[in-house]
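Everything below belongs to work38.txt, which stores compact mmCIF, C-alpha atoms.
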```txt
# COMPACT_ATOMS: atom_id res chain seq x y z
CA MET A 1 0.00 0.00 0.00
CA ASN A 2 1.44 3.32 -1.02
CA ALA A 3 2.19 5.97 1.59
CA PRO A 4 -0.13 9.03 1.57
CA THR A 5 1.06 11.74 -0.75
CA ASP A 6 1.07 15.51 -0.16
CA ARG A 7 -1.89 15.68 -2.52
CA ASP A 8 -3.82 13.24 -0.31
CA ARG A 9 -3.02 15.30 2.77
CA LEU A 10 -4.15 18.51 1.07
CA ARG A 11 -7.39 16.84 -0.01
CA ARG A 12 -8.11 15.76 3.57
CA GLU A 13 -7.38 19.26 4.88
CA TRP A 14 -9.59 20.77 2.17
CA ALA A 15 -12.42 18.39 3.05
CA ALA A 16 -12.07 19.21 6.74
CA ALA A 17 -12.18 22.93 5.96
CA ARG A 18 -15.37 22.45 3.90
CA ALA A 19 -16.88 20.56 6.85
CA ARG A 20 -16.18 23.61 9.01
CA HIS A 21 -17.62 26.08 6.51
CA ALA A 22 -19.42 28.92 8.26
CA PHE A 23 -20.92 32.28 7.45
CA LEU A 24 -22.15 35.45 9.14
CA ALA A 25 -25.42 36.73 7.66
CA LEU A 26 -26.42 40.36 8.31
CA ALA A 27 -29.97 41.69 8.41
CA ASP A 28 -29.27 43.95 5.41
CA GLY A 29 -28.59 40.87 3.27
CA ALA A 30 -24.78 40.91 3.30
CA VAL A 31 -23.07 37.57 3.97
CA PHE A 32 -19.44 37.05 5.05
CA ARG A 33 -18.01 33.56 4.74
CA GLY A 34 -15.26 31.80 6.67
CA VAL A 35 -14.33 28.80 8.79
CA ALA A 36 -15.89 27.83 12.13
CA PHE A 37 -13.96 27.59 15.38
CA GLY A 38 -14.95 27.52 19.04
CA ALA A 39 -18.34 26.01 19.87
CA ARG A 40 -20.28 24.55 16.94
CA THR A 41 -23.56 26.21 17.78
CA ASP A 42 -25.40 28.89 15.81
CA ALA A 43 -26.11 32.26 17.38
CA LEU A 44 -28.05 35.48 16.94
CA GLY A 45 -26.62 38.86 17.90
CA GLU A 46 -25.55 42.32 16.86
CA ALA A 47 -22.34 42.70 14.84
CA VAL A 48 -19.94 45.44 16.00
CA PHE A 49 -16.24 45.97 15.37
CA ASN A 50 -13.47 46.49 17.93
CA THR A 51 -10.32 48.37 16.92
CA GLY A 52 -8.05 47.14 19.74
CA MET A 53 -4.83 45.43 18.71
CA THR A 54 -4.56 43.24 21.82
CA GLY A 55 -6.66 42.13 24.78
CA TYR A 56 -9.02 39.71 23.07
CA GLN A 57 -9.65 37.71 26.26
CA GLU A 58 -10.59 40.84 28.20
CA ILE A 59 -12.91 41.76 25.32
CA LEU A 60 -14.49 38.29 25.28
CA THR A 61 -15.19 38.44 29.03
CA ASP A 62 -16.54 42.02 29.10
CA PRO A 63 -20.28 41.66 29.90
CA SER A 64 -20.95 44.87 27.96
CA TYR A 65 -20.72 42.74 24.79
CA ALA A 66 -23.74 40.63 25.77
CA SER A 67 -25.45 39.26 22.62
CA GLN A 68 -22.98 40.95 20.28
CA PHE A 69 -20.67 39.49 17.65
CA VAL A 70 -17.31 41.16 18.14
CA VAL A 71 -15.45 41.70 14.87
CA LEU A 72 -11.75 42.11 15.63
CA THR A 73 -10.04 44.49 13.21
CA THR A 74 -6.56 43.32 14.17
CA PRO A 75 -5.52 40.72 11.55
CA GLU A 76 -4.19 38.02 13.88
CA VAL A 77 -5.31 36.79 17.30
CA GLY A 78 -4.72 33.81 19.54
CA ASN A 79 -0.93 34.13 19.74
CA TYR A 80 -0.78 34.43 23.54
CA GLY A 81 -3.69 32.10 24.27
CA CYS A 82 -6.04 32.47 27.24
CA ASN A 83 -5.66 32.09 31.01
CA PRO A 84 -7.80 32.49 34.16
CA GLU A 85 -6.00 35.65 35.33
CA ASP A 86 -7.04 37.77 32.32
CA ALA A 87 -10.79 37.14 32.58
CA GLU A 88 -12.81 40.30 33.28
CA SER A 89 -15.98 38.56 34.53
CA ARG A 90 -17.33 35.20 35.59
CA GLY A 91 -18.04 34.10 32.01
CA LEU A 92 -18.59 34.99 28.37
CA PHE A 93 -21.77 36.87 27.48
CA LEU A 94 -21.07 37.84 23.85
CA ALA A 95 -22.84 36.11 20.96
CA GLY A 96 -19.64 35.13 19.16
CA LEU A 97 -16.27 36.19 17.78
CA VAL A 98 -15.28 37.14 14.22
CA ALA A 99 -11.59 37.17 13.25
CA ARG A 100 -9.28 37.11 10.25
CA HIS A 101 -6.54 34.71 11.40
CA VAL A 102 -6.57 32.63 14.60
CA ASN A 103 -3.18 31.27 15.65
CA PRO A 104 -2.22 28.60 18.19
CA PRO A 105 -0.83 29.99 21.46
CA SER A 106 2.88 30.48 22.06
CA ASN A 107 3.17 32.13 25.46
CA PHE A 108 4.21 30.94 28.91
CA ARG A 109 1.01 32.34 30.49
CA ALA A 110 -1.34 30.46 28.17
CA THR A 111 -3.38 27.62 29.67
CA GLU A 112 -5.55 26.99 26.60
CA SER A 113 -6.05 28.17 23.05
CA LEU A 114 -8.57 30.77 21.97
CA ASP A 115 -10.40 28.02 20.05
CA ALA A 116 -10.64 25.81 23.15
CA TYR A 117 -11.59 28.76 25.36
CA LEU A 118 -14.57 29.66 23.19
CA ALA A 119 -15.62 26.02 22.89
CA ARG A 120 -15.48 25.47 26.66
CA HIS A 121 -17.75 28.46 27.21
CA GLY A 122 -20.17 27.42 24.46
CA LYS A 123 -19.47 30.44 22.23
CA PRO A 124 -19.04 30.17 18.45
CA GLY A 125 -16.43 31.86 16.32
CA ILE A 126 -15.71 32.35 12.65
CA CYS A 127 -12.29 33.06 11.16
CA GLY A 128 -10.98 33.47 7.65
CA VAL A 129 -13.39 36.39 7.24
CA ASP A 130 -12.40 39.50 5.31
CA THR A 131 -12.71 41.59 8.46
CA ARG A 132 -11.56 44.75 6.70
CA ALA A 133 -14.50 44.55 4.30
CA LEU A 134 -16.87 43.66 7.16
CA THR A 135 -15.66 46.60 9.26
CA LEU A 136 -16.12 49.03 6.37
CA HIS A 137 -19.60 47.61 5.82
CA LEU A 138 -20.54 48.20 9.48
CA ARG A 139 -19.09 51.72 9.38
CA GLU A 140 -21.22 52.55 6.36
CA ARG A 141 -24.42 50.70 7.32
CA GLY A 142 -24.17 50.79 11.12
CA ALA A 143 -24.20 47.93 13.64
CA GLN A 144 -26.23 45.04 12.25
CA ARG A 145 -28.44 42.29 13.58
CA ALA A 146 -26.72 39.10 12.49
CA TYR A 147 -26.92 35.31 12.44
CA LEU A 148 -23.78 33.17 12.69
CA HIS A 149 -24.08 29.72 11.15
CA VAL A 150 -21.40 27.26 12.28
CA SER A 151 -23.44 24.17 13.13
CA ASP A 152 -24.36 21.11 11.07
CA GLU A 153 -27.95 22.31 10.63
CA PRO A 154 -28.85 22.59 6.94
CA LEU A 155 -29.36 26.32 6.48
CA THR A 156 -29.21 28.54 3.45
CA GLU A 157 -27.74 32.01 3.53
CA ALA A 158 -31.15 33.48 2.70
CA GLU A 159 -32.69 31.65 5.68
CA ALA A 160 -29.95 32.98 7.96
CA VAL A 161 -30.57 36.54 6.74
CA ALA A 162 -34.27 36.09 7.51
CA ARG A 163 -33.45 34.94 11.05
CA ALA A 164 -31.26 38.01 11.57
CA GLN A 165 -34.07 40.26 10.33
CA ALA A 166 -36.60 38.60 12.65
CA TRP A 167 -34.47 39.04 15.79
CA CYS A 168 -35.70 41.75 18.17
CA GLY A 169 -32.22 43.26 18.62
CA LEU A 170 -30.83 45.08 21.66
CA ASP A 171 -32.89 48.28 21.68
CA GLY A 172 -35.34 48.38 24.56
CA GLN A 173 -33.91 45.19 26.09
CA ASP A 174 -32.67 44.91 29.68
CA TYR A 175 -29.46 42.94 29.34
CA ALA A 176 -27.95 44.38 32.53
CA ALA A 177 -30.21 42.21 34.67
CA LYS A 178 -29.18 39.17 32.60
CA VAL A 179 -25.44 39.61 33.16
CA SER A 180 -25.57 40.96 36.73
CA CYS A 181 -24.54 38.88 39.72
CA PRO A 182 -27.43 36.92 41.28
CA GLU A 183 -26.50 37.82 44.87
CA PRO A 184 -24.40 40.51 46.62
CA TYR A 185 -20.78 39.63 47.31
CA VAL A 186 -17.68 41.18 48.86
CA TRP A 187 -14.76 41.74 46.49
CA CYS A 188 -12.40 43.33 49.00
CA ALA A 189 -13.03 43.33 52.78
CA GLU A 190 -10.25 45.74 53.76
CA GLY A 191 -9.95 49.47 53.12
CA ARG A 192 -10.49 52.93 54.57
CA LEU A 193 -13.54 53.68 52.38
CA ARG A 194 -16.61 51.56 51.82
CA VAL A 195 -17.84 51.45 48.21
CA VAL A 196 -20.94 49.68 46.95
CA VAL A 197 -20.75 48.78 43.24
CA TYR A 198 -23.87 48.29 41.17
CA ASP A 199 -23.23 45.33 38.89
CA PHE A 200 -24.82 46.18 35.56
CA GLY A 201 -22.08 44.08 33.93
CA VAL A 202 -19.07 45.14 35.98
CA LYS A 203 -15.52 44.27 34.89
CA HIS A 204 -13.04 42.91 37.41
CA GLY A 205 -10.64 45.69 36.41
CA ILE A 206 -12.96 48.27 38.01
CA LEU A 207 -13.09 46.29 41.25
CA ARG A 208 -9.32 45.87 41.27
CA ARG A 209 -8.78 49.63 40.82
CA LEU A 210 -11.13 50.47 43.69
CA ALA A 211 -9.31 48.02 45.94
CA ALA A 212 -5.96 49.49 44.89
CA GLU A 213 -7.22 52.93 45.98
CA GLY A 214 -7.93 51.65 49.47
CA CYS A 215 -11.63 50.83 49.17
CA ARG A 216 -13.64 48.06 50.75
CA VAL A 217 -15.72 46.84 47.82
CA GLU A 218 -19.12 45.17 47.92
CA VAL A 219 -20.98 44.33 44.71
CA VAL A 220 -24.79 44.26 44.47
CA PRO A 221 -27.14 43.07 41.69
CA ALA A 222 -28.48 45.51 39.13
CA ARG A 223 -32.03 45.57 40.55
CA THR A 224 -30.97 46.41 44.13
CA PRO A 225 -33.06 49.37 45.38
CA ALA A 226 -31.26 52.43 46.72
CA GLU A 227 -32.59 51.88 50.24
CA ALA A 228 -30.79 48.53 50.42
CA VAL A 229 -27.57 50.21 49.31
CA LEU A 230 -27.97 53.09 51.78
CA ALA A 231 -28.53 50.56 54.55
CA ARG A 232 -24.93 49.44 54.00
CA ARG A 233 -23.79 52.98 54.90
CA PRO A 234 -21.43 53.37 51.93
CA ASP A 235 -18.93 56.19 51.57
CA GLY A 236 -19.65 56.07 47.86
CA VAL A 237 -21.47 54.19 45.10
CA LEU A 238 -20.07 53.18 41.73
CA LEU A 239 -22.39 52.63 38.78
CA SER A 240 -20.69 50.06 36.57
CA ASN A 241 -20.47 49.45 32.86
CA GLY A 242 -22.95 47.12 31.22
CA PRO A 243 -24.63 46.06 27.97
CA ALA A 244 -27.41 47.27 25.69
CA ASP A 245 -29.96 50.03 26.10
CA PRO A 246 -29.91 52.27 29.22
CA SER A 247 -33.52 53.34 28.58
CA ALA A 248 -34.60 49.77 29.40
CA LEU A 249 -33.48 50.15 33.05
CA PRO A 250 -36.10 52.37 34.74
CA TYR A 251 -35.39 50.71 38.09
CA ALA A 252 -31.73 51.78 37.84
CA ARG A 253 -32.63 55.37 37.00
CA GLN A 254 -34.87 55.51 40.06
CA ALA A 255 -32.12 54.07 42.28
CA VAL A 256 -29.70 56.72 41.03
CA ARG A 257 -32.25 59.49 41.74
CA ASP A 258 -32.67 58.19 45.29
CA LEU A 259 -28.90 58.04 45.82
CA LEU A 260 -28.52 61.59 44.53
CA ALA A 261 -31.23 62.75 46.94
CA ALA A 262 -29.23 61.14 49.76
CA ARG A 263 -26.14 63.07 48.58
CA VAL A 264 -24.02 59.90 48.42
CA PRO A 265 -20.86 60.38 46.29
CA ILE A 266 -21.35 58.63 42.94
CA MET A 267 -19.01 57.63 40.13
CA GLY A 268 -20.37 56.19 36.88
CA ILE A 269 -18.56 54.31 34.11
CA CYS A 270 -19.96 53.64 30.62
CA LEU A 271 -23.55 52.42 31.18
CA GLY A 272 -23.27 54.00 34.63
CA HIS A 273 -22.46 57.31 32.92
CA GLN A 274 -25.60 57.05 30.81
CA LEU A 275 -27.75 56.12 33.82
CA LEU A 276 -26.50 59.09 35.83
CA GLY A 277 -27.31 61.36 32.92
CA LEU A 278 -30.79 59.89 32.41
CA ALA A 279 -31.55 60.10 36.13
CA CYS A 280 -30.77 63.82 35.99
CA GLY A 281 -32.94 64.47 32.93
CA ALA A 282 -30.48 64.02 30.04
CA ARG A 283 -31.41 62.35 26.77
CA CYS A 284 -29.59 59.35 25.33
CA GLY A 285 -29.38 58.11 21.74
CA ARG A 286 -27.90 55.26 19.74
CA LEU A 287 -24.63 55.70 17.88
CA PRO A 288 -24.39 54.36 14.30
CA PHE A 289 -21.76 51.73 15.07
CA GLY A 290 -20.74 52.52 18.64
CA HIS A 291 -17.32 53.01 20.20
CA HIS A 292 -15.42 49.76 20.66
CA GLY A 293 -11.65 49.67 21.15
CA CYS A 294 -8.77 50.91 23.28
CA ASN A 295 -7.47 53.75 21.10
CA HIS A 296 -10.16 56.45 21.35
CA PRO A 297 -8.93 60.03 21.99
CA VAL A 298 -10.85 62.02 24.59
CA LYS A 299 -10.31 65.64 25.66
CA ALA A 300 -10.89 66.92 29.20
CA LEU A 301 -12.64 70.26 28.85
CA ALA A 302 -11.23 71.69 32.10
CA ASP A 303 -7.61 71.80 30.94
CA GLY A 304 -7.63 70.54 27.34
CA ALA A 305 -5.62 67.42 28.19
CA VAL A 306 -6.07 64.57 25.71
CA ALA A 307 -6.04 60.91 26.77
CA ILE A 308 -6.26 57.71 24.76
CA THR A 309 -9.06 55.64 26.23
CA SER A 310 -10.68 52.23 26.19
CA GLN A 311 -14.35 52.27 25.17
CA ASN A 312 -17.24 49.90 24.61
CA HIS A 313 -20.71 51.36 24.17
CA ASN A 314 -23.49 51.75 21.60
CA TYR A 315 -25.34 54.68 23.18
CA ALA A 316 -24.34 58.21 24.18
CA LEU A 317 -25.85 61.17 26.03
CA THR A 318 -27.16 63.67 23.48
CA ALA A 319 -28.53 66.54 25.61
CA LEU A 320 -27.72 67.58 29.17
CA PRO A 321 -29.94 69.38 31.69
CA ASP A 322 -28.73 72.53 33.44
CA CYS A 323 -27.77 70.55 36.56
CA LEU A 324 -25.07 68.66 34.63
CA GLU A 325 -21.80 69.96 33.19
CA GLN A 326 -19.99 68.18 30.39
CA THR A 327 -16.40 67.38 31.37
CA HIS A 328 -15.05 65.30 28.47
CA VAL A 329 -15.60 65.10 24.71
CA SER A 330 -14.70 62.51 22.07
CA LEU A 331 -12.23 63.81 19.51
CA ASN A 332 -13.46 61.24 17.00
CA ASP A 333 -17.09 62.32 16.74
CA GLY A 334 -17.71 65.02 19.37
CA THR A 335 -19.96 62.90 21.58
CA CYS A 336 -20.22 63.45 25.33
CA GLU A 337 -17.58 61.45 27.23
CA GLY A 338 -17.95 62.79 30.77
CA ILE A 339 -20.31 64.68 33.08
CA ARG A 340 -20.44 66.01 36.62
CA HIS A 341 -23.30 67.31 38.72
CA ARG A 342 -23.03 71.02 39.43
CA THR A 343 -24.24 70.84 43.04
CA LEU A 344 -24.13 67.18 44.12
CA PRO A 345 -21.09 64.86 44.58
CA ALA A 346 -21.50 62.87 41.38
CA PHE A 347 -19.54 62.45 38.16
CA ALA A 348 -19.24 59.89 35.38
CA VAL A 349 -17.28 59.07 32.24
CA GLN A 350 -18.33 57.22 29.11
CA PHE A 351 -14.92 55.58 28.65
CA HIS A 352 -13.24 52.93 30.82
CA PRO A 353 -10.59 54.40 33.17
CA GLU A 354 -9.73 50.90 34.38
CA ALA A 355 -8.82 49.94 30.78
CA ALA A 356 -8.34 46.11 30.73
CA PRO A 357 -7.47 46.16 27.92
CA GLY A 358 -6.11 49.55 26.98
CA PRO A 359 -3.97 52.46 28.18
CA HIS A 360 -3.90 53.53 31.83
CA GLU A 361 -3.88 57.29 31.26
CA THR A 362 -7.19 57.94 33.02
CA ARG A 363 -6.78 55.77 36.12
CA GLY A 364 -6.50 58.97 38.14
CA LEU A 365 -10.30 59.23 38.01
CA PHE A 366 -10.47 56.55 40.70
CA ARG A 367 -8.36 58.81 42.92
CA SER A 368 -10.80 61.63 42.11
CA PHE A 369 -13.58 59.36 43.37
CA THR A 370 -11.81 58.59 46.64
CA ALA A 371 -11.12 62.33 47.10
CA LEU A 372 -14.81 63.02 46.54
CA MET A 373 -15.71 60.46 49.21
CA GLU A 374 -13.20 61.97 51.62
CA GLY A 375 -14.61 65.44 51.04
CA ARG A 376 -11.43 66.87 49.49
CA PRO A 377 -11.48 69.19 46.43
```
Could you show the structure in this file as structure tokens?
Amino acid sequence: MNAPTDRDRLRREWAAARARHAFLALADGAVFRGVAFGARTDALGEAVFNTGMTGYQEILTDPSYASQFVVLTTPEVGNYGCNPEDAESRGLFLAGLVARHVNPPSNFRATESLDAYLARHGKPGICGVDTRALTLHLRERGAQRAYLHVSDEPLTEAEAVARAQAWCGLDGQDYAAKVSCPEPYVWCAEGRLRVVVYDFGVKHGILRRLAAEGCRVEVVPARTPAEAVLARRPDGVLLSNGPADPSALPYARQAVRDLLAARVPIMGICLGHQLLGLACGARCGRLPFGHHGCNHPVKALADGAVAITSQNHNYALTALPDCLEQTHVSLNDGTCEGIRHRTLPAFAVQFHPEAAPGPHETRGLFRSFTALMEGRP
């Protein structure tokens, strides 16, 4: 019997690739084809692109991406694998991952590959996609409802497009309650200041930064009423990041109003920024394709200083009431990136000062929060 030839090997590899054929169908009818990796299960979600060059595990584990397909614009991922230390939450809440090239890991910190990591968490991925063309499409058409087909189910591209069109999408949906912790828990039991964190989809990086600033940190579920938080006698309250539409969280807006009435120092991040604004009477609207990445320039209006920031949001405050002052602005599109209350101890930023991933230029905002709690200017 003759030994297998290179042609035989190539045929087997080609057949295996065909068996893994996958595609991402958008609601506007566009279809992007590639190869499946991760879990072999189909998924519905909203396709957005992220411009970060590194930090894919932190992106995967950011609850703010709940029910979204993250399209990575960097051409290669997977090189440094995945590990428990770099996770930013208790699990993966995104719909799936879209990449150009996925490489096997080659790093001493890696405990498993990106492929295995997605599969273990039951999340599908597609690689071999022309992500440059897909990103341009999303920039021109906006974020899209999408259907990712990676399973063995017989499904035409037209049927997948129809499923994407039929999906309700993220607008008006309360995803914060879906990703929030089920019960309160203590993150850090030692510290000079007691901070209660509302978990609308909080990242571990925020909790680590609070602990590093000398705070005792307790985390409560998204639907916790203000009276239960005030009963803990906090020195301050942090409103965390989170997914989807802030207008779908009336209970959170009411909690923020009650906390403001109690004059408790408040810091908001991302979704928390939007909730503080809405609680004070601001309006909030959807961005065409959102801000997703760790290279977004933001200017502080007080001194004109520019920082490169990490961001992940689809909505932005569009009009502020007289009680709020804008503190930061996006240099990419002029959207509001920070607010503070003119008479009450409360401020918030749309970007992520904890980064994870991203630059650390705005970490000083956590020190501003501790100063606010301590009553210093």
Can you report as JSON the centre and edge lengths in Å, to one decimal, of an axis-aligned box around the listed atoms of stretch 329-342 of chain A padded with 3 Å on each side?
```
{"center_x": -17.8, "center_y": 66.1, "center_z": 28.1, "size_x": 17.1, "size_y": 15.8, "size_z": 28.7}
```
Requested in this report: With a distance cut-off of 8 Å and only C-alpha atoms, select the neighbouring residues of stretch 113-127 of chain A, excluding the residue or stretch itself and same-chain residues fewer than 4 positions from it, and output the selection as an MDAnalysis selection string.
Outcome: chainID A and resid 22:24 34:43 78 81:82 91:92 94:102 104:105 150
Report task. Find the residue from A:Leu344, A:Ala177, A:Tyr56, A:Thr135 that sits nearest to A:Arg257; use all atoms listed in the file when measuring. Result ->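 That would be A:Leu344, the residue with the smallest distance to A:Arg257.
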**Report entry** Selection near A:Ser310, 8 Å with only C-alpha atoms, sequence-local residues under 2 positions removed, as a PyMOL selection string
**Finding:** chain A and resi 292-296+308+312+351-353+355-359
Report task. Please provide the set of residues having any atom within 12 Å of stretch 207-213 of chain A, restricted to only C-alpha atoms, with same-chain residues fewer than 6 positions apart removed, written as a PyMOL selection string. Result -> chain A and resi 88-89+185-199+201+219+236-241+267+352-356+360+362-371+373
Selection above as a file: C-alpha atoms, as a PDB file, in the coordinates of the input:
```
ATOM      1  CA  GLU A  88     -12.810  40.300  33.280  1.00  0.00           C
ATOM      2  CA  SER A  89     -15.980  38.560  34.530  1.00  0.00           C
ATOM      3  CA  TYR A 185     -20.780  39.630  47.310  1.00  0.00           C
ATOM      4  CA  VAL A 186     -17.680  41.180  48.860  1.00  0.00           C
ATOM      5  CA  TRP A 187     -14.760  41.740  46.490  1.00  0.00           C
ATOM      6  CA  CYS A 188     -12.400  43.330  49.000  1.00  0.00           C
ATOM      7  CA  ALA A 189     -13.030  43.330  52.780  1.00  0.00           C
ATOM      8  CA  GLU A 190     -10.250  45.740  53.760  1.00  0.00           C
ATOM      9  CA  GLY A 191      -9.950  49.470  53.120  1.00  0.00           C
ATOM     10  CA  ARG A 192     -10.490  52.930  54.570  1.00  0.00           C
ATOM     11  CA  LEU A 193     -13.540  53.680  52.380  1.00  0.00           C
ATOM     12  CA  ARG A 194     -16.610  51.560  51.820  1.00  0.00           C
ATOM     13  CA  VAL A 195     -17.840  51.450  48.210  1.00  0.00           C
ATOM     14  CA  VAL A 196     -20.940  49.680  46.950  1.00  0.00           C
ATOM     15  CA  VAL A 197     -20.750  48.780  43.240  1.00  0.00           C
ATOM     16  CA  TYR A 198     -23.870  48.290  41.170  1.00  0.00           C
ATOM     17  CA  ASP A 199     -23.230  45.330  38.890  1.00  0.00           C
ATOM     18  CA  GLY A 201     -22.080  44.080  33.930  1.00  0.00           C
ATOM     19  CA  VAL A 219     -20.980  44.330  44.710  1.00  0.00           C
ATOM     20  CA  GLY A 236     -19.650  56.070  47.860  1.00  0.00           C
ATOM     21  CA  VAL A 237     -21.470  54.190  45.100  1.00  0.00           C
ATOM     22  CA  LEU A 238     -20.070  53.180  41.730  1.00  0.00           C
ATOM     23  CA  LEU A 239     -22.390  52.630  38.780  1.00  0.00           C
ATOM     24  CA  SER A 240     -20.690  50.060  36.570  1.00  0.00           C
ATOM     25  CA  ASN A 241     -20.470  49.450  32.860  1.00  0.00           C
ATOM     26  CA  MET A 267     -19.010  57.630  40.130  1.00  0.00           C
ATOM     27  CA  HIS A 352     -13.240  52.930  30.820  1.00  0.00           C
ATOM     28  CA  PRO A 353     -10.590  54.400  33.170  1.00  0.00           C
ATOM     29  CA  GLU A 354      -9.730  50.900  34.380  1.00  0.00           C
ATOM     30  CA  ALA A 355      -8.820  49.940  30.780  1.00  0.00           C
ATOM     31  CA  ALA A 356      -8.340  46.110  30.730  1.00  0.00           C
ATOM     32  CA  HIS A 360      -3.900  53.530  31.830  1.00  0.00           C
ATOM     33  CA  THR A 362      -7.190  57.940  33.020  1.00  0.00           C
ATOM     34  CA  ARG A 363      -6.780  55.770  36.120  1.00  0.00           C
ATOM     35  CA  GLY A 364      -6.500  58.970  38.140  1.00  0.00           C
ATOM     36  CA  LEU A 365     -10.300  59.230  38.010  1.00  0.00           C
ATOM     37  CA  PHE A 366     -10.470  56.550  40.700  1.00  0.00           C
ATOM     38  CA  ARG A 367      -8.360  58.810  42.920  1.00  0.00           C
ATOM     39  CA  SER A 368     -10.800  61.630  42.110  1.00  0.00           C
ATOM     40  CA  PHE A 369     -13.580  59.360  43.370  1.00  0.00           C
ATOM     41  CA  THR A 370     -11.810  58.590  46.640  1.00  0.00           C
ATOM     42  CA  ALA A 371     -11.120  62.330  47.100  1.00  0.00           C
ATOM     43  CA  MET A 373     -15.710  60.460  49.210  1.00  0.00           C
TER      44      MET A 373
END
```
